[in-house]
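Below is one structure, written out as structure tokens; comments come after it.
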Amino acid sequence: MKVRKELWFGLSLMALILVCVAVLMPWGHLTNGHLGLLMLALICVGIMLGFPTAFTLMGMGVFFAWLAYRSVNPDLATRQVLDLFVQRTYGVMSNDVLIAIPLFLFMGYVVERAQLIDRLFRTLHLAAARVPGSLAVATIVTCSIFATATGIVGACVTLMGLLALPAMLKAGYNIKVAAGAITAGGCLGILIPPSVLLIVYGAVAGVSVVQLYAGAFLPGFMLAGLYIGYIIVLAKWKPELMPPLSESERAVALPTFAQRLSRRGKHALTGLVRAVGTETPDVPKRIVLSQLFVSSLPLLFVAALLAVTYDVATAPAVEVNTAGLEVSSGFELSESKEASSTGLAAPPESQADTGELKGPPAESTSGAPAEPPTTEATAAPSETKAPAPAESAETKAPQTTSAAEPLRLPAPNWFLIAVAACVIILGIVYFLWTWERLQVFKMLLSSFFPLALLILAVLGSIVFGLATPSEAAAVGGFGGLILAGVYRFIRHWRDAKDRGSNPAAVVVTTAKDLGTILKESSFLTAKTSAMVCWLFVGSGIFSAAFALLGGQELIEKWVLSLDMTPVQFMILAQFIIFILGWPLEWTEIIIIFMPIFLPLLPHFHIDPLFFGLLVSLNLQTAFLSPPVAMAAFYLKGVSPPHVTLNQIFAGMMPFMGIQVIALVLLYVFPGIGLWLPHTLYK
């Protein structure tokens, strides 16, 4: 009966589309533009019926492109359609942006298969044991980290369904709350880099993937923060939905040395400091020193971070002396001043390109000799004709040398506030630094720190321009294999020590595990990448046929005839995307409908980068909105039989509301998404 309701919803939606087409289409005098709109409606119906999206796009595109060419020249229609197919396919094959997709997918599948997230979830579960709704909070945080390391939605929802759902149900959590936390957290990979959606949007819209990644950081973590805030408030308001963990579940097993040192007191830092100065039976001094160093890592990290921040914040402003440029190339400088004053200056790259084509350098080389004449007769006039530049250069040289050692700027107020906040936070942390918390911190170091290094290496190199997304993804895949090998080796080494096995067998077993991980990850990467690439081929043919028929022009004329303001257009576009997220997945929406919206953005003066961030945040609903909420089906596939789809759908609804709130916040405060890319790439 439940499945029948979902089928009735889908069938009624398709019937509504067909009725609108039958009633509104002028069947008596169909134009090419009307054929384009008919193709768009048939594509939606075909996808909702379950036909493969890529091949449906290709089939519809080829047929309607043939109709478009046939209306012009029937004899060449077939040849032109085949040429179009080949050109669009080759265009996808030669697109450099798409190289990053299989590499990021490979990195994500390697991290998933290496079981790095298992230890991370258990550690975060213990670290957040005293927070209301601790298991759900740990789930959201783990999903955020996993999304930052992979960007794969289905894998994250499935894995957390296997790890977190049994633990939450065992702890007495409400099924709807547990399902909502897992599905909402698992969908963060759509927005948080390295998101495959952002790569696809960048390829479709021609927007820099690097800037999209930089812009998506803060909105993604803002959404995760809203999820966590909602869970904590709900757990405080209705604790029966998320019962607190028992003392036995919060307990952390202490190693032998910690048990012996804890007899002197529960505070770990003071106990270690005392143990350094006194002899402790059965506890070697090297263990005490190593644990003291581990305890000081938060202090060292914060001190290093503040030192780097202070160096950047107090660095003296560099004043560029442009006097020489005014003398040698005054024409270029005046042009750049005029361009900047009118606000029409080109981007840095285009300025560099046009600067190479300008005439002043050639004029200087042709109008003046490369070297001054060596005779005295020619040297004298040169000295008398141009004394000013020489004198100015001589007089300005000492000034530049004396200004080579500028004084640092005073520390700004925000830095002093940050130092005070860090001191307060460190004081609270070390005041609560018990032996149990020291053990949890060590567990975090072994589970979170290596993954964090991988994330920083990959995304940091992209955001700061050290590597392209493809290069960084390749390094990330290699780093994921190394992490997988190290973790598997440590696990097998401990098992071998317990069983007394041969250490040489550990290397062989680890190599076999790595081979299995590599084989499975490569197969899944090839499978998913092939789907994405065929989608691009189909979308290229579809969009070409849509443009040939004049459908894009018809929609543009209709939208412009409404005489909307930019705000009204943005609300309309996001509302349409939100509605499309119910029956369609994000791939179909990006591939099919983004080429319709993008040409309208310049008319309303909307930045494609900002529009892409809004779309990616909006498309989170494509995985959380029934009846095609793929996250619900991923979770249902690994959940116990008594967990129904309706319960999962009901649990996702509050998180959909939070997504709408985040969308409104991003639109009202665009700096949330644009501050970082504008700061890094201005």
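Identifiers in the structure tokens: chain A, B, ... in order shown; residue index from 1 per chain; ligand index from 1 in order shown.
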
If we count only C-alpha atoms, what is near segment 88-90 of chain A at a cut-off of 7 Å, once residues fewer than 5 positions away on the same chain are taken out, given as an mmCIF file with N, CA and C atoms, in the first residue's frame?
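Final file, selection_29.cif:
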data_model
loop_
_atom_site.group_PDB
_atom_site.id
_atom_site.type_symbol
_atom_site.label_atom_id
_atom_site.label_comp_id
_atom_site.auth_asym_id
_atom_site.auth_seq_id
_atom_site.Cartn_x
_atom_site.Cartn_y
_atom_site.Cartn_z
ATOM 1 N N VAL A 537 27.445 13.634 -22.534
ATOM 2 C CA VAL A 537 27.231 13.457 -23.975
ATOM 3 C C VAL A 537 25.756 13.674 -24.313
ATOM 4 N N GLY A 540 24.790 17.311 -23.977
ATOM 5 C CA GLY A 540 25.289 18.130 -25.073
ATOM 6 C C GLY A 540 24.408 18.041 -26.298
ATOM 7 N N ILE A 541 23.986 16.831 -26.636
ATOM 8 C CA ILE A 541 23.100 16.660 -27.792
ATOM 9 C C ILE A 541 21.729 17.265 -27.509
#

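Within 9 Å of Phe55 of chain A, once only C-alpha atoms are used and residues closer than 3 positions along the same chain are dropped, the contacting residues are A:Phe51, A:Pro52, A:Met58, A:Gly59, A:Met60, A:Trp534, A:Leu535, A:Gly538.
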
For this session: List the neighbours of segment 509-515 of chain A out to 10 Å using only C-alpha atoms; skip same-chain residues closer than 4 positions along the sequence, and give me the result as number ranges by chain.
Result: A: 110, 113-114, 481-482, 484-493, 504-505, 519-521

So that I can check the surroundings of Ser290 of chain A, please list as a PDB file with all heavy atoms, in the first residue's frame every protein, DNA and RNA residue that reaches within 12 Å of it, counting only C-alpha atoms and ignoring chain neighbours fewer than 5 positions away.
ATOM      1  N   PHE A 257      49.426   2.613  32.313  1.00  0.00           N
ATOM      2  CA  PHE A 257      50.153   3.746  32.910  1.00  0.00           C
ATOM      3  C   PHE A 257      49.174   4.830  33.377  1.00  0.00           C
ATOM      4  O   PHE A 257      49.393   5.468  34.414  1.00  0.00           O
ATOM      5  CB  PHE A 257      51.160   4.311  31.906  1.00  0.00           C
ATOM      6  CG  PHE A 257      50.553   5.212  30.868  1.00  0.00           C
ATOM      7  CD1 PHE A 257      50.447   6.579  31.075  1.00  0.00           C
ATOM      8  CD2 PHE A 257      50.061   4.697  29.678  1.00  0.00           C
ATOM      9  CE1 PHE A 257      49.878   7.407  30.127  1.00  0.00           C
ATOM     10  CE2 PHE A 257      49.495   5.512  28.732  1.00  0.00           C
ATOM     11  CZ  PHE A 257      49.401   6.876  28.949  1.00  0.00           C
ATOM     12  N   LEU A 272      50.778  14.458  35.002  1.00  0.00           N
ATOM     13  CA  LEU A 272      51.963  14.241  34.169  1.00  0.00           C
ATOM     14  C   LEU A 272      53.097  15.170  34.570  1.00  0.00           C
ATOM     15  O   LEU A 272      54.275  14.767  34.573  1.00  0.00           O
ATOM     16  CB  LEU A 272      51.595  14.451  32.692  1.00  0.00           C
ATOM     17  CG  LEU A 272      50.687  13.390  32.073  1.00  0.00           C
ATOM     18  CD1 LEU A 272      50.232  13.823  30.687  1.00  0.00           C
ATOM     19  CD2 LEU A 272      51.411  12.047  31.986  1.00  0.00           C
ATOM     20  N   VAL A 273      52.774  16.424  34.906  1.00  0.00           N
ATOM     21  CA  VAL A 273      53.822  17.362  35.326  1.00  0.00           C
ATOM     22  C   VAL A 273      54.470  16.883  36.619  1.00  0.00           C
ATOM     23  O   VAL A 273      55.700  16.940  36.780  1.00  0.00           O
ATOM     24  CB  VAL A 273      53.221  18.777  35.486  1.00  0.00           C
ATOM     25  CG1 VAL A 273      54.243  19.720  36.120  1.00  0.00           C
ATOM     26  CG2 VAL A 273      52.773  19.318  34.139  1.00  0.00           C
ATOM     27  N   ALA A 275      54.615  13.771  37.609  1.00  0.00           N
ATOM     28  CA  ALA A 275      55.346  12.536  37.325  1.00  0.00           C
ATOM     29  C   ALA A 275      56.689  12.800  36.667  1.00  0.00           C
ATOM     30  O   ALA A 275      57.600  11.974  36.759  1.00  0.00           O
ATOM     31  CB  ALA A 275      54.499  11.628  36.422  1.00  0.00           C
ATOM     32  N   VAL A 276      56.832  13.964  36.017  1.00  0.00           N
ATOM     33  CA  VAL A 276      58.129  14.292  35.413  1.00  0.00           C
ATOM     34  C   VAL A 276      59.167  14.556  36.493  1.00  0.00           C
ATOM     35  O   VAL A 276      60.334  14.154  36.378  1.00  0.00           O
ATOM     36  CB  VAL A 276      57.985  15.519  34.481  1.00  0.00           C
ATOM     37  CG1 VAL A 276      59.351  16.023  34.025  1.00  0.00           C
ATOM     38  CG2 VAL A 276      57.137  15.172  33.276  1.00  0.00           C
ATOM     39  N   VAL A 283      56.139   3.031  35.768  1.00  0.00           N
ATOM     40  CA  VAL A 283      55.801   3.953  34.671  1.00  0.00           C
ATOM     41  C   VAL A 283      57.105   4.591  34.190  1.00  0.00           C
ATOM     42  O   VAL A 283      57.660   5.459  34.874  1.00  0.00           O
ATOM     43  CB  VAL A 283      54.806   5.041  35.117  1.00  0.00           C
ATOM     44  CG1 VAL A 283      54.495   5.983  33.953  1.00  0.00           C
ATOM     45  CG2 VAL A 283      53.529   4.407  35.637  1.00  0.00           C
ATOM     46  N   PRO A 284      57.644   4.165  33.044  1.00  0.00           N
ATOM     47  CA  PRO A 284      58.903   4.736  32.549  1.00  0.00           C
ATOM     48  C   PRO A 284      58.788   6.235  32.283  1.00  0.00           C
ATOM     49  O   PRO A 284      57.712   6.754  31.953  1.00  0.00           O
ATOM     50  CB  PRO A 284      59.160   3.960  31.252  1.00  0.00           C
ATOM     51  CG  PRO A 284      58.348   2.717  31.372  1.00  0.00           C
ATOM     52  CD  PRO A 284      57.148   3.090  32.185  1.00  0.00           C
ATOM     53  N   LYS A 285      59.918   6.909  32.443  1.00  0.00           N
ATOM     54  CA  LYS A 285      59.937   8.355  32.245  1.00  0.00           C
ATOM     55  C   LYS A 285      59.606   8.733  30.800  1.00  0.00           C
ATOM     56  O   LYS A 285      58.966   9.766  30.551  1.00  0.00           O
ATOM     57  CB  LYS A 285      61.311   8.901  32.631  1.00  0.00           C
ATOM     58  CG  LYS A 285      61.388  10.415  32.699  1.00  0.00           C
ATOM     59  CD  LYS A 285      60.635  10.975  33.890  1.00  0.00           C
ATOM     60  CE  LYS A 285      61.378  10.608  35.175  1.00  0.00           C
ATOM     61  NZ  LYS A 285      60.735  11.202  36.372  1.00  0.00           N
ATOM     62  N   SER A 295      49.731  15.935  25.344  1.00  0.00           N
ATOM     63  CA  SER A 295      48.827  16.864  26.012  1.00  0.00           C
ATOM     64  C   SER A 295      49.081  18.313  25.616  1.00  0.00           C
ATOM     65  O   SER A 295      48.162  19.145  25.652  1.00  0.00           O
ATOM     66  CB  SER A 295      48.962  16.733  27.532  1.00  0.00           C
ATOM     67  OG  SER A 295      48.609  15.429  27.953  1.00  0.00           O
ATOM     68  N   SER A 296      50.324  18.619  25.243  1.00  0.00           N
ATOM     69  CA  SER A 296      50.642  20.001  24.868  1.00  0.00           C
ATOM     70  C   SER A 296      50.365  20.294  23.400  1.00  0.00           C
ATOM     71  O   SER A 296      50.545  21.435  22.967  1.00  0.00           O
ATOM     72  CB  SER A 296      52.122  20.291  25.163  1.00  0.00           C
ATOM     73  OG  SER A 296      52.963  19.450  24.374  1.00  0.00           O
ATOM     74  N   LEU A 297      49.926  19.316  22.623  1.00  0.00           N
ATOM     75  CA  LEU A 297      49.666  19.537  21.201  1.00  0.00           C
ATOM     76  C   LEU A 297      48.598  20.600  20.939  1.00  0.00           C
ATOM     77  O   LEU A 297      48.765  21.433  20.033  1.00  0.00           O
ATOM     78  CB  LEU A 297      49.285  18.213  20.521  1.00  0.00           C
ATOM     79  CG  LEU A 297      50.434  17.233  20.276  1.00  0.00           C
ATOM     80  CD1 LEU A 297      49.913  15.956  19.624  1.00  0.00           C
ATOM     81  CD2 LEU A 297      51.500  17.868  19.388  1.00  0.00           C
ATOM     82  N   LYS A 442      43.803  11.181  22.117  1.00  0.00           N
ATOM     83  CA  LYS A 442      44.744  10.303  21.410  1.00  0.00           C
ATOM     84  C   LYS A 442      44.026   9.474  20.346  1.00  0.00           C
ATOM     85  O   LYS A 442      44.561   9.241  19.251  1.00  0.00           O
ATOM     86  CB  LYS A 442      45.454   9.394  22.416  1.00  0.00           C
ATOM     87  CG  LYS A 442      46.452  10.131  23.296  1.00  0.00           C
ATOM     88  CD  LYS A 442      46.840   9.329  24.524  1.00  0.00           C
ATOM     89  CE  LYS A 442      47.429   7.991  24.163  1.00  0.00           C
ATOM     90  NZ  LYS A 442      47.815   7.225  25.361  1.00  0.00           N
TER      91      LYS A 442
END

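Atom CA of Val97 of chain A is found 6.3 Å from atom CA of Ala203 of chain A.
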